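The structure file data.cif is reproduced below (mmCIF, C-alpha atoms).
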```
data_run
#
loop_
_atom_site.label_atom_id
_atom_site.label_comp_id
_atom_site.auth_asym_id
_atom_site.auth_seq_id
_atom_site.Cartn_x
_atom_site.Cartn_y
_atom_site.Cartn_z
CA PRO A 94 7.90 -0.88 -81.28
CA THR A 95 6.58 -4.42 -81.03
CA ASN A 96 3.13 -5.14 -82.40
CA ARG A 97 0.12 -4.66 -80.07
CA ILE A 98 2.23 -2.90 -77.46
CA ILE A 99 0.43 -1.10 -74.64
CA THR A 100 2.30 1.93 -73.32
CA ASN A 101 1.92 5.13 -71.31
CA ASN A 102 4.50 6.95 -73.45
CA ALA A 103 2.83 9.08 -76.14
CA GLN A 104 6.07 9.61 -78.07
CA GLN A 105 6.87 6.60 -80.25
CA THR A 106 9.33 6.15 -83.10
CA ILE A 107 8.28 3.84 -85.92
CA THR A 108 11.35 2.27 -87.53
CA THR A 109 11.49 -0.14 -90.45
CA THR A 110 14.24 -1.64 -92.54
CA THR A 111 14.01 -2.90 -96.11
CA THR A 112 16.11 -5.21 -98.26
CA GLU A 113 15.59 -2.78 -101.13
CA THR A 114 18.94 -1.11 -101.84
CA ASN A 115 17.36 1.72 -103.80
CA PRO A 116 14.19 2.76 -101.93
CA GLU A 117 12.66 5.95 -103.28
CA THR A 118 10.13 6.78 -100.57
CA CYS A 119 8.93 5.44 -97.24
CA THR A 120 5.42 6.38 -96.16
CA LEU A 121 3.85 5.80 -92.76
CA GLU A 122 0.10 5.23 -92.94
CA ILE A 123 -1.27 5.97 -89.50
CA ASN A 124 -4.98 5.74 -88.80
CA GLY A 125 -5.57 6.21 -92.53
CA ARG A 126 -3.36 9.32 -92.77
CA ASN A 127 -0.03 9.29 -94.66
CA GLU A 128 3.24 10.79 -93.40
CA THR A 129 6.59 10.78 -95.21
CA MET A 130 9.23 8.99 -93.16
CA GLN A 131 12.87 9.95 -92.75
CA ARG A 132 15.14 7.59 -94.72
CA THR A 133 18.77 6.63 -94.15
CA ILE A 134 19.84 4.17 -96.86
CA THR A 135 17.62 1.12 -96.10
CA THR A 136 16.18 2.34 -92.76
CA CYS A 137 13.09 4.53 -92.49
CA SER A 138 11.81 6.11 -89.27
CA GLN A 139 9.21 8.55 -88.04
CA THR A 140 8.41 9.85 -84.54
CA ILE A 141 4.72 10.21 -83.80
CA THR A 142 2.60 11.47 -80.92
CA LEU A 143 -0.11 9.01 -79.97
CA ALA A 144 -3.64 9.88 -78.97
CA GLU A 145 -5.20 8.02 -76.05
CA GLY A 146 -6.51 4.66 -77.22
CA THR A 147 -5.42 2.38 -80.07
CA THR A 148 -3.52 3.58 -83.14
CA THR A 149 -3.14 1.45 -86.26
CA TYR A 150 -0.28 1.88 -88.72
CA LYS A 151 1.63 0.29 -91.59
CA VAL A 152 4.56 1.29 -93.78
CA HIS A 153 4.70 1.57 -97.59
CA VAL A 154 8.07 1.48 -99.41
CA ILE A 155 8.44 2.37 -103.12
CA ASP A 156 11.70 1.82 -104.99
CA VAL A 157 13.09 3.89 -107.85
CA ALA A 158 11.50 1.55 -110.38
CA GLY A 159 8.04 2.17 -108.89
CA ASN A 160 7.67 -1.19 -107.15
CA LYS A 161 5.69 -0.94 -103.90
CA ALA A 162 5.78 -3.07 -100.75
CA THR A 163 3.49 -2.72 -97.75
CA SER A 164 4.11 -4.01 -94.23
CA GLU A 165 1.61 -5.77 -92.05
CA GLN A 166 -0.82 -3.57 -90.11
CA ARG A 167 0.19 -3.05 -86.50
CA THR A 168 -1.32 -1.42 -83.42
CA ILE A 169 -0.09 0.65 -80.49
CA THR A 170 -2.34 1.40 -77.51
CA LEU A 171 -1.73 4.48 -75.39
CA ASP A 172 -3.09 4.31 -71.84
CA THR A 173 -2.13 7.10 -69.44
CA ALA A 174 -5.02 6.61 -66.98
CA LEU A 175 -3.96 5.49 -63.52
CA PRO A 176 -5.39 2.27 -62.09
CA THR A 177 -7.59 2.50 -59.01
CA ILE A 178 -7.26 0.92 -55.57
CA THR A 179 -10.25 0.29 -53.28
CA ILE A 180 -9.56 -1.04 -49.78
CA ARG A 181 -12.19 -3.69 -49.00
CA THR A 182 -12.09 -3.60 -45.19
CA THR A 183 -15.45 -3.27 -43.41
CA ASN A 184 -15.65 0.50 -43.71
CA GLY A 185 -12.80 1.02 -46.12
CA GLU A 186 -10.40 1.75 -43.27
CA THR A 187 -6.75 2.25 -44.14
CA THR A 188 -5.71 1.96 -40.48
CA LEU A 189 -5.69 -1.64 -39.26
CA LEU A 190 -5.58 -2.54 -35.56
CA VAL A 191 -4.26 -6.09 -35.35
CA LYS A 192 -2.95 -8.60 -32.84
CA ASP A 193 -1.21 -11.43 -34.66
CA SER A 194 -2.68 -11.55 -38.17
CA ILE A 195 -3.60 -9.18 -40.99
CA LEU A 196 -6.33 -9.70 -43.58
CA LEU A 197 -6.30 -6.99 -46.23
CA PRO A 198 -8.82 -7.39 -49.09
CA LEU A 199 -8.73 -4.84 -51.90
CA LYS A 200 -9.92 -4.17 -55.43
CA ALA A 201 -7.48 -3.08 -58.16
CA GLU A 202 -8.79 -1.99 -61.55
CA GLY A 203 -7.11 -0.76 -64.71
CA THR A 204 -8.71 1.80 -67.02
CA GLY A 205 -8.82 0.03 -70.36
CA THR A 206 -5.82 -2.18 -69.57
CA LEU A 207 -5.23 -5.15 -67.31
CA ILE A 208 -3.55 -5.07 -63.92
CA GLN A 209 0.03 -6.31 -64.13
CA SER A 210 0.93 -6.49 -60.44
CA VAL A 211 -0.27 -5.61 -56.93
CA THR A 212 2.42 -5.38 -54.26
CA ILE A 213 2.98 -4.10 -50.75
CA GLY A 214 6.24 -2.39 -49.91
CA MET A 215 8.61 -3.71 -47.28
CA PRO A 216 11.61 -2.11 -45.58
CA THR A 217 13.57 -3.92 -48.31
CA GLY A 218 11.74 -5.11 -51.43
CA THR A 219 8.06 -5.91 -51.92
CA ILE A 220 5.57 -8.74 -51.39
CA ALA A 221 3.05 -9.66 -54.10
CA ILE A 222 -0.61 -9.50 -53.11
CA PRO A 223 -2.30 -12.44 -54.89
CA PRO A 224 -5.60 -12.28 -56.78
CA VAL A 225 -8.69 -13.92 -55.31
CA THR A 226 -9.57 -17.00 -57.37
CA GLY A 227 -12.72 -16.54 -59.41
CA GLN A 228 -13.22 -12.88 -58.46
CA GLN A 229 -12.20 -10.37 -61.09
CA ASP A 230 -10.07 -7.42 -59.91
CA GLU A 231 -10.14 -8.70 -56.31
CA TYR A 232 -6.93 -9.25 -54.33
CA SER A 233 -6.28 -10.28 -50.75
CA LEU A 234 -3.29 -10.34 -48.43
CA ALA A 235 -3.14 -12.60 -45.37
CA ALA A 236 0.03 -12.17 -43.32
CA THR A 237 1.42 -11.60 -39.87
CA PRO A 238 2.71 -8.18 -38.81
CA THR A 239 6.18 -9.72 -38.53
CA ALA A 240 6.03 -10.92 -42.14
CA LEU A 241 5.45 -7.30 -43.16
CA GLY A 242 8.31 -6.06 -41.01
CA CYS A 243 5.99 -4.47 -38.43
CA ALA A 244 6.94 -4.63 -34.76
CA GLU A 245 4.70 -3.78 -31.79
CA GLY A 246 3.25 -0.32 -32.37
CA THR A 247 2.60 1.56 -35.59
CA CYS A 248 4.06 1.09 -39.04
CA THR A 249 3.08 2.28 -42.52
CA ARG A 250 3.21 0.22 -45.70
CA THR A 251 2.45 1.26 -49.29
CA ILE A 252 0.35 -0.76 -51.73
CA THR A 253 1.33 -0.28 -55.38
CA VAL A 254 -0.82 -1.28 -58.34
CA THR A 255 0.75 -1.36 -61.83
CA ASP A 256 -1.20 -1.86 -65.06
CA SER A 257 0.09 -3.38 -68.30
CA ALA A 258 0.84 0.10 -69.71
CA GLY A 259 3.19 0.85 -66.81
CA ASN A 260 0.86 3.26 -64.96
CA THR A 261 0.99 2.99 -61.17
CA ALA A 262 -1.25 3.98 -58.27
CA THR A 263 -0.36 3.81 -54.57
CA GLN A 264 -2.25 3.64 -51.29
CA ASP A 265 -0.69 3.88 -47.82
CA ILE A 266 -2.04 1.74 -45.00
CA THR A 267 -1.23 2.05 -41.31
CA ILE A 268 -0.83 -1.13 -39.26
CA ILE A 269 -1.08 -0.85 -35.47
CA THR A 270 0.12 -4.04 -33.81
CA ASP A 271 -1.02 -4.57 -30.22
CA THR A 272 -0.26 -7.92 -28.56
CA THR A 273 -0.33 -6.68 -24.95
CA ALA A 274 -3.41 -7.44 -22.82
CA PRO A 275 -4.94 -4.53 -20.89
CA ILE A 276 -4.33 -4.21 -17.14
CA ILE A 277 -7.39 -4.12 -14.83
CA THR A 278 -7.02 -2.41 -11.45
CA ILE A 279 -9.94 -2.70 -8.97
CA ASN A 280 -10.12 0.54 -7.02
CA THR A 281 -13.10 -0.17 -4.76
CA PRO A 282 -14.07 -2.03 -2.68
CA ALA A 283 -10.81 -2.70 -0.90
CA ASN A 284 -9.51 -6.26 -0.75
CA PRO A 285 -10.62 -7.98 1.44
CA ALA A 286 -13.97 -6.21 1.84
CA VAL A 287 -16.45 -6.96 4.70
CA PHE A 288 -20.11 -5.85 4.60
CA GLN A 289 -22.51 -6.18 7.51
CA THR A 290 -26.24 -6.91 7.30
CA THR A 291 -29.06 -7.54 9.76
CA THR A 292 -31.14 -9.83 7.54
CA GLN A 293 -30.76 -13.53 6.78
CA THR A 294 -31.24 -13.08 3.04
CA PRO A 295 -29.53 -9.82 2.38
CA THR A 296 -29.47 -7.94 -0.86
CA ILE A 297 -26.22 -6.06 -1.06
CA THR A 298 -25.32 -3.42 -3.62
CA LEU A 299 -21.55 -3.22 -3.86
CA PRO A 300 -19.87 0.03 -4.88
CA PHE A 301 -17.38 -1.14 -7.53
CA THR A 302 -14.91 0.88 -9.60
CA ALA A 303 -12.03 -0.26 -11.75
CA THR A 304 -9.40 1.26 -13.98
CA ILE A 305 -8.44 -0.38 -17.28
CA THR A 306 -5.02 0.57 -18.58
CA GLU A 307 -4.04 -0.15 -22.21
CA GLU A 308 -0.28 -0.51 -22.65
#
```
Let me see the structure of the file written as C-alpha cells.
Amino acid sequence: PTNRIITNNAQQTITTTTTETNPETCTLEINGRNETMQRTITTCSQTITLAEGTTTYKVHVIDVAGNKATSEQRTITLDTALPTITIRTTNGETTLLVKDSILLPLKAEGTGTLIQSVTIGMPTGTIAIPPVTGQQDEYSLAATPTALGCAEGTCTRTITVTDSAGNTATQDITIITDTTAPIITINTPANPAVFQTTTQTPTITLPFTATITEE
C-alpha cells in the first residue's frame, strides 16, 4: 500500500519489487519483528493482519552474494472505530418542524482520524454539509425543505459521516414541513351578538369560545 495510508481493512499485502535478478531472501520487518516474505523472481510479498493503530514496516532484500538492501520505513494506520454524530438542535431533536427554512447544526468527530465528508441523502444523490468556519468538528446545513426534496408533510433524510479511514456513521432526521396557517372558528358568541345592560358604564363579561384547526 501507499505510505502513511489510513484504512479500516486489517488485511494488507505488502509487496515490493527489486532490480536484483538473484535475490536470496526478502524479509519484512514489522514493528521490529521479522517475517520471511514470499518471493516470485524479483517480487516479494507478504499478507499481514494489522492491529488497531499505527504499524511501521520496512523490507530487507539479500542477494546470493550476501549484499543487503533495506527500503525506507513506512507506516499503515488501522482505524475501525466509527465516527460520531451529535445533532446540535436546542434539545438534540432529530424531528424538525419547519415552515420555509431548515437550520441543522451538528458535530461530527472521528476517533483518531479526521472527518472526510458529511452529507445528507437526497432522493437522488447527496448534498454536502459544510463545516463551520473556525469551529472544529462543527457542521451546519441551511436549506429550504424544497432543496432537500421535502414536500408539505413528513419526510426522512439520512446524514452520513465518513472518516479518512472509510468508516461511516449515519443518523436519520425527520423533517415536517407545515406552511398552512391554522383556521380559527369562533363558536360563541354568535355573530352579530347583542348584550343588554341597565348601567351607563357597564362591565360586560363575554362568554367566548373558539376552535383552532391545524391543517
Exercise. Which neighbours of A:Leu196 fall inside 9 Å, counting only C-alpha atoms, when residues of the same chain fewer than 5 positions from it are skipped, and could you give them as a ChimeraX atom specification?
Worked result: /A:182,233-237
For this session: Output the residue selection produced by the PyMOL selection byres ((chain A and resi 192) around 10) on the file above, formatted as an MDAnalysis selection string.
Result: chainID A and resid 189:191 193:195 237:238 245 269:273
Problem set entry | Target residues per the PyMOL selection byres ((chain A and resi 267) around 6), formatted as a list in words | Thr188, Cys248, Thr249, Ile266 and Ile268 of chain A
For this session: Translate the PyMOL selection byres ((chain A and resi 145) around 7), as applied to the file shown, into an explicit residue set as a PyMOL selection string.
Result: chain A and resi 143-144+146-147+171-172
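We find atom CA of A:Arg126 and atom CA of A:Ala258 to be spaced 25.2 Å apart.
If all atoms listed in the file are the atoms counted, then among A:Leu241, A:Ala283, A:Ile169, A:Ile213 the closest residue to A:Arg97 is A:Ile169.
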For this session: Using all atoms listed in the file, find the one residue out of A:Gly203, A:Thr109, A:Tyr150, A:Pro224 that sits nearest to A:Arg132.
Result: A:Thr109
For this session: Mind checking which residues fall within 8 Å of A:Asp265, counting all atoms listed in the file, ignoring those fewer than 5 positions away in the same chain, and posting them as an MDAnalysis selection string?
Result: chainID A and resid 187 249:252
Quick one: write out the picked residues with C-alpha atoms as a PDB file, keeping the file's coordinate frame?
```
ATOM      1  CA  THR A 187      -6.750   2.250 -44.140  1.00  0.00           C
ATOM      2  CA  THR A 249       3.080   2.280 -42.520  1.00  0.00           C
ATOM      3  CA  ARG A 250       3.210   0.220 -45.700  1.00  0.00           C
ATOM      4  CA  THR A 251       2.450   1.260 -49.290  1.00  0.00           C
ATOM      5  CA  ILE A 252       0.350  -0.760 -51.730  1.00  0.00           C
TER       6      ILE A 252
END
```
Stretch 152-165 of chain A: which residues within 7 Å, counting only C-alpha atoms, same-chain residues fewer than 3 positions away excluded, as a PDB file with C-alpha atoms, keeping the file's coordinate frame?
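Wrote out25.pdb, looks like this:
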```
ATOM      1  CA  ASN A 115      17.360   1.720-103.800  1.00  0.00           C
ATOM      2  CA  PRO A 116      14.190   2.760-101.930  1.00  0.00           C
ATOM      3  CA  GLU A 117      12.660   5.950-103.280  1.00  0.00           C
ATOM      4  CA  THR A 118      10.130   6.780-100.570  1.00  0.00           C
ATOM      5  CA  CYS A 119       8.930   5.440 -97.240  1.00  0.00           C
ATOM      6  CA  THR A 120       5.420   6.380 -96.160  1.00  0.00           C
ATOM      7  CA  LEU A 121       3.850   5.800 -92.760  1.00  0.00           C
ATOM      8  CA  GLU A 122       0.100   5.230 -92.940  1.00  0.00           C
TER       9      GLU A 122
END
```
For this session: May I ask which of the residues A:Thr110, A:Gln229, A:Thr263, A:Thr304 is the closest one to A:Ile276, counting all atoms listed in the file?
Result: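 For A:Ile276, the nearest of the given residues is A:Thr304.
The residue that comes closest to A:Val254, out of A:Ala286, A:Thr281, A:Thr212, A:Tyr232 and on the basis of all atoms listed in the file, is A:Thr212.
Nearest-residue note for A:Thr253: choosing from A:Val225, A:Ile98, A:Leu199, A:Ile279, the minimum distance belongs to A:Leu199, counting all atoms listed in the file.
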Expected file content for stretch 262-274 of chain A, all heavy atoms, as a compact mmCIF listing (two decimals), in the first residue's frame:
```txt
# COMPACT_ATOMS: atom_id res chain seq x y z
N ALA A 262 -20.80 6.60 9.72
CA ALA A 262 -21.88 6.59 10.71
C ALA A 262 -23.05 7.34 10.11
O ALA A 262 -22.86 8.28 9.32
CB ALA A 262 -21.43 7.23 12.02
N THR A 263 -24.27 6.94 10.45
CA THR A 263 -25.45 7.58 9.90
C THR A 263 -26.41 8.01 11.00
O THR A 263 -26.42 7.43 12.09
CB THR A 263 -26.20 6.64 8.92
OG1 THR A 263 -26.60 5.45 9.63
CG2 THR A 263 -25.31 6.27 7.75
N GLN A 264 -27.21 9.01 10.69
CA GLN A 264 -28.24 9.49 11.61
C GLN A 264 -29.43 9.96 10.78
O GLN A 264 -29.30 10.82 9.91
CB GLN A 264 -27.72 10.65 12.46
CG GLN A 264 -28.77 11.35 13.30
CD GLN A 264 -29.31 10.47 14.41
OE1 GLN A 264 -28.56 10.08 15.29
NE2 GLN A 264 -30.59 10.16 14.38
N ASP A 265 -30.61 9.38 11.03
CA ASP A 265 -31.82 9.80 10.34
C ASP A 265 -32.42 11.03 11.02
O ASP A 265 -32.41 11.13 12.26
CB ASP A 265 -32.86 8.69 10.33
CG ASP A 265 -32.51 7.57 9.37
OD1 ASP A 265 -31.64 7.78 8.51
OD2 ASP A 265 -33.10 6.48 9.49
N ILE A 266 -32.93 11.95 10.23
CA ILE A 266 -33.69 13.07 10.76
C ILE A 266 -35.04 13.11 10.04
O ILE A 266 -35.15 12.72 8.87
CB ILE A 266 -32.96 14.42 10.59
CG1 ILE A 266 -32.72 14.73 9.11
CG2 ILE A 266 -31.66 14.46 11.38
CD1 ILE A 266 -32.29 16.16 8.86
N THR A 267 -36.04 13.55 10.76
CA THR A 267 -37.39 13.68 10.20
C THR A 267 -37.72 15.16 10.05
O THR A 267 -37.56 15.93 11.00
CB THR A 267 -38.43 13.00 11.10
OG1 THR A 267 -38.11 11.62 11.22
CG2 THR A 267 -39.83 13.15 10.52
N ILE A 268 -38.14 15.55 8.87
CA ILE A 268 -38.48 16.94 8.58
C ILE A 268 -39.98 17.02 8.34
O ILE A 268 -40.51 16.35 7.44
CB ILE A 268 -37.72 17.46 7.35
CG1 ILE A 268 -36.21 17.38 7.59
CG2 ILE A 268 -38.13 18.89 7.02
CD1 ILE A 268 -35.39 17.61 6.35
N ILE A 269 -40.67 17.80 9.16
CA ILE A 269 -42.11 18.01 8.99
C ILE A 269 -42.31 19.44 8.49
O ILE A 269 -42.03 20.41 9.20
CB ILE A 269 -42.88 17.80 10.31
CG1 ILE A 269 -42.61 16.39 10.86
CG2 ILE A 269 -44.37 18.03 10.11
CD1 ILE A 269 -43.21 16.16 12.24
N THR A 270 -42.74 19.54 7.25
CA THR A 270 -42.94 20.86 6.63
C THR A 270 -44.41 21.25 6.73
O THR A 270 -45.29 20.51 6.28
CB THR A 270 -42.52 20.84 5.16
OG1 THR A 270 -41.16 20.39 5.07
CG2 THR A 270 -42.63 22.21 4.53
N ASP A 271 -44.67 22.41 7.33
CA ASP A 271 -46.03 22.90 7.52
C ASP A 271 -46.07 24.37 7.13
O ASP A 271 -45.57 25.23 7.85
CB ASP A 271 -46.46 22.72 8.98
CG ASP A 271 -47.89 23.19 9.22
OD1 ASP A 271 -48.56 23.59 8.25
OD2 ASP A 271 -48.32 23.17 10.39
N THR A 272 -46.65 24.66 5.98
CA THR A 272 -46.75 26.05 5.51
C THR A 272 -48.19 26.56 5.54
O THR A 272 -48.47 27.66 5.05
CB THR A 272 -46.22 26.16 4.06
OG1 THR A 272 -47.00 25.30 3.21
CG2 THR A 272 -44.76 25.74 4.00
N THR A 273 -49.11 25.78 6.10
CA THR A 273 -50.52 26.16 6.12
C THR A 273 -50.88 26.78 7.47
O THR A 273 -50.62 26.18 8.53
CB THR A 273 -51.42 24.94 5.88
OG1 THR A 273 -51.06 24.33 4.64
CG2 THR A 273 -52.89 25.34 5.83
N ALA A 274 -51.47 27.99 7.43
CA ALA A 274 -51.87 28.66 8.67
C ALA A 274 -53.06 27.94 9.31
O ALA A 274 -53.89 27.34 8.61
CB ALA A 274 -52.25 30.11 8.38
```
